[in-house]
Amino acid sequence: MCHGLPVSINTGELVKRLRRENHSDFANKVALTVSKNFSLVQFTARLALKAGFLANQIFGRKSMSNLTKLLRQPFGGFPLWSNAMDKPPKLSYNAATHYPAGTKDADTIVYFPTCINRMMGGDLMDTFLRVCKKADIQVVIHQNINSLCCGQIFSSKGHHAAYKDMINKTISGLWSVTQEGKLPVMIDVTSCTFTLQHCRSHLTVNNQEKFDKLKIYDTIDFSSDVLLQKLKIINKKDKIVFHPVCSIYKMGLFSKLEYIGKACATDSEIPAIAGCCGTAGDRGFYIPELPKAATKKEAYEVNKQDYDGYYSTARTCEMSLTEAVGKNYQSIIKLLDEVSEW
């Protein structure tokens, strides 16, 4: 079966370079300030999202969508509200934030919940903690996780100084929480995993040495290589479908995604026409025509059949497919939770 492989030309790097060359000093200083105060920025974004969900609850489910459509007429750059978003989760990590005495290293994972899931990931973090508990795996989360990020939001927009500041801060944080590389790291969005795994050239010499000793898992790696070896799968689904995000092809994870499908369902499918969903991080919020056009053929193929579940590995991609297909796309972590027992 032939799938929509991305072209070999790295147009993404070209766009980043063009953006970097066109940014003013002021714009770069603002981006650097955001990086240095990321926890506050995340708090503000979460507050705005909570206000939006409250407005939908009071005035109707489509109120924020209609309001942002109106605001886009005088303010063309205003982001469009998506009803496929999940509410901001509670950020109380409790006992998961420290390294418990007596825990075996082999049974411990450092969880890096990405900023997109910290802002609009619903109960994904709780689900991951629950799945790991089923598998007898201890989870550790950095106590200052809300100030850390893979840096993709700065890298993709060409804010190089902010990107370097963020990833150096993140690698230093991961170094300490992994017991100096002793424990592996699991990231819950595939594109963020790819970004962090390829940040080495932008790190300080000291952080490059730390980076070389870190083991960074993606959700797919960890699910395939670790969780499925420990979980008791008793509620296999009949038929499920995946949307493979672009980074899956870049990272060579396609076969592992297929393995997860076979382990969790009698029949698992990846649409032959599946390709980039067009969301491109936050671009789908500003130019909704992009994901609408990019997902049209895949949505048509998926809607020819009914499935017991719809899954992917990046929150914004899941949102785009949810809107295109009309079915709720979720993380594969949700799939593992649904098919496994305590």
# chains A, B, ... in the order shown; residues from 1 in each chain; ligands from 1

call {"tool": "closest_atom_pairs", "arguments": {"of": "segment 175-290 of chain A", "to": "segment 319-333 of chain A", "cutoff": "10 Å", "atoms": "only C-alpha atoms", "output": "CSV"}}
result
residue,atom,partner,partner_atom,distance
A:Asp188,CA,A:Ser331,CA,8.4
A:Val189,CA,A:Ser331,CA,8.8
A:Thr219,CA,A:Ile333,CA,7.6
A:Ile220,CA,A:Ile332,CA,7.9
A:Phe222,CA,A:Ile333,CA,10.0
A:Ser223,CA,A:Ile333,CA,7.6
A:Leu227,CA,A:Ile333,CA,9.8
A:Val241,CA,A:Tyr329,CA,9.3
A:Phe242,CA,A:Tyr329,CA,8.6
A:His243,CA,A:Leu321,CA,7.9
A:Leu257,CA,A:Ile332,CA,9.2
A:Ile260,CA,A:Ile332,CA,8.6
A:Gly261,CA,A:Ile332,CA,9.3
A:Cys264,CA,A:Ile332,CA,10.0
A:Cys277,CA,A:Ser320,CA,6.8
A:Gly278,CA,A:Ser320,CA,8.3
A:Thr279,CA,A:Ser320,CA,6.8
A:Gly284,CA,A:Ser320,CA,7.8
A:Phe285,CA,A:Ser320,CA,9.8
A:Pro288,CA,A:Ser320,CA,9.1
A:Leu290,CA,A:Ser320,CA,9.9

call {"tool": "select_by_dssp", "arguments": {"residues": "segment 194-261 of chain A", "states": "alpha helix (DSSP H)", "output": "compact mmCIF listing (two decimals) with C-alpha atoms, in the first residue's frame"}}
result
# COMPACT_ATOMS: atom_id res chain seq x y z
CA PHE A 194 11.47 14.98 16.37
CA THR A 195 12.31 18.59 17.20
CA LEU A 196 14.02 17.73 20.48
CA GLN A 197 15.90 14.78 18.98
CA VAL A 205 29.00 22.45 24.27
CA ASN A 206 28.09 21.48 27.84
CA ASN A 207 24.49 20.68 26.88
CA GLN A 208 25.61 18.74 23.81
CA GLU A 209 27.47 16.38 26.13
CA LYS A 210 24.32 15.98 28.21
CA PHE A 211 22.14 15.52 25.13
CA THR A 219 4.87 8.04 22.19
CA ILE A 220 5.06 5.44 19.41
CA ASP A 221 8.46 4.10 20.50
CA PHE A 222 7.44 3.87 24.12
CA LEU A 228 2.88 -3.26 24.96
CA GLN A 229 5.47 -5.59 26.45
CA LYS A 230 4.05 -4.99 29.93
CA CYS A 246 4.52 13.82 9.07
CA SER A 247 7.26 13.21 11.66
CA ILE A 248 6.44 9.48 11.73
CA TYR A 249 7.93 9.13 8.25
CA LYS A 250 10.97 11.25 9.10
CA MET A 251 11.64 9.15 12.21
CA PHE A 254 5.63 3.70 10.50
CA SER A 255 6.17 -0.02 11.18
CA LYS A 256 5.91 0.55 14.94
CA LEU A 257 2.60 2.33 14.46
CA GLU A 258 1.40 -0.69 12.48
CA TYR A 259 2.61 -2.97 15.29
CA ILE A 260 0.57 -0.99 17.83
CA GLY A 261 -2.48 -1.34 15.60

call {"tool": "residues_around", "arguments": {"residues": "Thr68 of chain A", "least_positions_apart": "6", "cutoff": "8 Å", "atoms": "only C-alpha atoms", "output": "VMD selection string"}}
result
chain A and resid 78 to 81

call {"tool": "closest_residue", "arguments": {"among": "A:Thr266, A:Gln179, A:Gln138, A:Thr316", "to": "Met120 of chain A", "atoms": "only C-alpha atoms"}}
result
A:Thr316

call {"tool": "closest_residue", "arguments": {"among": "A:Leu336, A:Leu203, A:Ile287, A:Val110", "to": "Lys262 of chain A", "atoms": "only C-alpha atoms"}}
result
A:Leu336

call {"tool": "residues_around", "arguments": {"residues": "Asp123 of chain A", "least_positions_apart": "6", "cutoff": "12 Å", "atoms": "only C-alpha atoms", "output": "list of chain:residue names"}}
result
A:Met85, A:Asp86, A:Lys87, A:Pro88, A:Pro89, A:Lys90, A:Leu91, A:Ser92, A:Pro113, A:Asn117, A:Leu129, A:Arg130, A:Gln330, A:Ser331, A:Ile333, A:Lys334, A:Asp337

call {"tool": "write_last_selection", "arguments": {"atoms": "N, CA and C atoms", "output": "PDB file, in the first residue's frame"}}
result
ATOM      1  N   MET A  85     -10.950  21.271  20.076  1.00  0.00           N
ATOM      2  CA  MET A  85     -10.007  21.419  21.186  1.00  0.00           C
ATOM      3  C   MET A  85     -10.546  20.774  22.451  1.00  0.00           C
ATOM      4  N   ASP A  86      -9.626  20.260  23.261  1.00  0.00           N
ATOM      5  CA  ASP A  86      -9.979  19.782  24.592  1.00  0.00           C
ATOM      6  C   ASP A  86      -9.691  20.873  25.607  1.00  0.00           C
ATOM      7  N   LYS A  87     -10.330  20.781  26.757  1.00  0.00           N
ATOM      8  CA  LYS A  87     -10.120  21.772  27.805  1.00  0.00           C
ATOM      9  C   LYS A  87      -8.701  21.681  28.364  1.00  0.00           C
ATOM     10  N   PRO A  88      -8.184  22.790  28.889  1.00  0.00           N
ATOM     11  CA  PRO A  88      -6.889  22.741  29.561  1.00  0.00           C
ATOM     12  C   PRO A  88      -6.953  21.783  30.749  1.00  0.00           C
ATOM     13  N   PRO A  89      -5.975  20.895  30.882  1.00  0.00           N
ATOM     14  CA  PRO A  89      -6.010  19.930  31.981  1.00  0.00           C
ATOM     15  C   PRO A  89      -5.569  20.558  33.299  1.00  0.00           C
ATOM     16  N   LYS A  90      -5.867  19.878  34.391  1.00  0.00           N
ATOM     17  CA  LYS A  90      -5.321  20.283  35.676  1.00  0.00           C
ATOM     18  C   LYS A  90      -3.840  19.941  35.679  1.00  0.00           C
ATOM     19  N   LEU A  91      -3.041  20.850  36.209  1.00  0.00           N
ATOM     20  CA  LEU A  91      -1.593  20.638  36.205  1.00  0.00           C
ATOM     21  C   LEU A  91      -1.084  20.296  37.598  1.00  0.00           C
ATOM     22  N   SER A  92      -1.757  19.373  38.250  1.00  0.00           N
ATOM     23  CA  SER A  92      -1.338  18.913  39.569  1.00  0.00           C
ATOM     24  C   SER A  92      -0.759  17.520  39.419  1.00  0.00           C
ATOM     25  N   PRO A 113       5.340  16.012  29.253  1.00  0.00           N
ATOM     26  CA  PRO A 113       4.085  16.434  28.614  1.00  0.00           C
ATOM     27  C   PRO A 113       4.318  17.721  27.835  1.00  0.00           C
ATOM     28  N   ASN A 117      -0.228  19.907  24.912  1.00  0.00           N
ATOM     29  CA  ASN A 117      -1.095  19.071  25.737  1.00  0.00           C
ATOM     30  C   ASN A 117      -1.290  19.650  27.134  1.00  0.00           C
ATOM     31  N   LEU A 129      -0.456   8.535  32.857  1.00  0.00           N
ATOM     32  CA  LEU A 129      -0.082   8.087  34.203  1.00  0.00           C
ATOM     33  C   LEU A 129      -0.817   6.790  34.559  1.00  0.00           C
ATOM     34  N   ARG A 130      -2.088   6.703  34.155  1.00  0.00           N
ATOM     35  CA  ARG A 130      -2.880   5.508  34.441  1.00  0.00           C
ATOM     36  C   ARG A 130      -2.344   4.295  33.665  1.00  0.00           C
ATOM     37  N   GLN A 330      -7.978  10.738  18.783  1.00  0.00           N
ATOM     38  CA  GLN A 330      -7.314  10.829  20.074  1.00  0.00           C
ATOM     39  C   GLN A 330      -5.896  10.276  19.985  1.00  0.00           C
ATOM     40  N   SER A 331      -5.133  10.497  21.052  1.00  0.00           N
ATOM     41  CA  SER A 331      -3.783   9.963  21.128  1.00  0.00           C
ATOM     42  C   SER A 331      -3.815   8.438  21.224  1.00  0.00           C
ATOM     43  N   ILE A 333      -2.176   6.842  23.188  1.00  0.00           N
ATOM     44  CA  ILE A 333      -2.146   6.537  24.623  1.00  0.00           C
ATOM     45  C   ILE A 333      -3.560   6.207  25.102  1.00  0.00           C
ATOM     46  N   LYS A 334      -4.557   6.909  24.563  1.00  0.00           N
ATOM     47  CA  LYS A 334      -5.948   6.607  24.897  1.00  0.00           C
ATOM     48  C   LYS A 334      -6.315   5.197  24.431  1.00  0.00           C
ATOM     49  N   ASP A 337      -4.979   2.629  26.804  1.00  0.00           N
ATOM     50  CA  ASP A 337      -5.767   2.628  28.039  1.00  0.00           C
ATOM     51  C   ASP A 337      -7.075   1.866  27.844  1.00  0.00           C
TER      52      ASP A 337
END

call {"tool": "decode", "arguments": {"residues": "segment 17-71 of chain A", "atoms": "C-alpha atoms", "output": "compact mmCIF listing (two decimals), in the first residue's frame"}}
result
# COMPACT_ATOMS: atom_id res chain seq x y z
CA ARG A 17 15.61 30.64 7.21
CA LEU A 18 13.48 33.13 5.29
CA ARG A 19 11.47 33.93 8.41
CA ARG A 20 14.65 34.30 10.46
CA GLU A 21 16.11 36.74 7.95
CA ASN A 22 12.94 38.87 7.93
CA HIS A 23 12.37 39.23 11.68
CA SER A 24 13.04 42.62 13.24
CA ASP A 25 15.21 42.97 16.35
CA PHE A 26 12.08 43.87 18.30
CA ALA A 27 10.26 40.69 17.22
CA ASN A 28 13.24 38.56 18.23
CA LYS A 29 13.41 40.29 21.63
CA VAL A 30 9.70 39.61 22.20
CA ALA A 31 10.19 35.93 21.31
CA LEU A 32 13.15 35.69 23.68
CA THR A 33 11.09 37.27 26.45
CA VAL A 34 8.36 34.68 25.83
CA SER A 35 10.94 31.89 26.09
CA LYS A 36 12.36 33.24 29.35
CA ASN A 37 8.85 33.64 30.81
CA PHE A 38 7.23 30.59 29.25
CA SER A 39 5.44 29.46 32.39
CA LEU A 40 3.64 32.81 32.62
CA VAL A 41 2.79 32.75 28.91
CA GLN A 42 1.39 29.23 29.24
CA PHE A 43 -0.66 30.31 32.27
CA THR A 44 -2.12 33.22 30.27
CA ALA A 45 -2.95 30.99 27.28
CA ARG A 46 -4.63 28.44 29.54
CA LEU A 47 -6.65 31.22 31.17
CA ALA A 48 -7.83 32.47 27.76
CA LEU A 49 -8.82 28.95 26.72
CA LYS A 50 -10.73 28.39 29.96
CA ALA A 51 -12.59 31.66 29.34
CA GLY A 52 -13.46 30.44 25.84
CA PHE A 53 -14.82 27.14 27.10
CA LEU A 54 -16.84 29.00 29.74
CA ALA A 55 -18.31 31.25 27.03
CA ASN A 56 -19.29 28.17 25.00
CA GLN A 57 -20.90 26.67 28.07
CA ILE A 58 -22.94 29.82 28.77
CA PHE A 59 -23.81 31.01 25.26
CA GLY A 60 -23.74 27.79 23.25
CA ARG A 61 -21.13 25.44 21.81
CA LYS A 62 -20.58 27.51 18.66
CA SER A 63 -20.33 30.91 20.34
CA MET A 64 -16.51 31.11 20.36
CA SER A 65 -16.28 29.78 16.82
CA ASN A 66 -18.76 32.42 15.62
CA LEU A 67 -17.07 35.17 17.63
CA THR A 68 -13.59 34.45 16.27
CA LYS A 69 -14.98 34.30 12.73
CA LEU A 70 -16.37 37.82 13.23
CA LEU A 71 -13.08 39.04 14.69
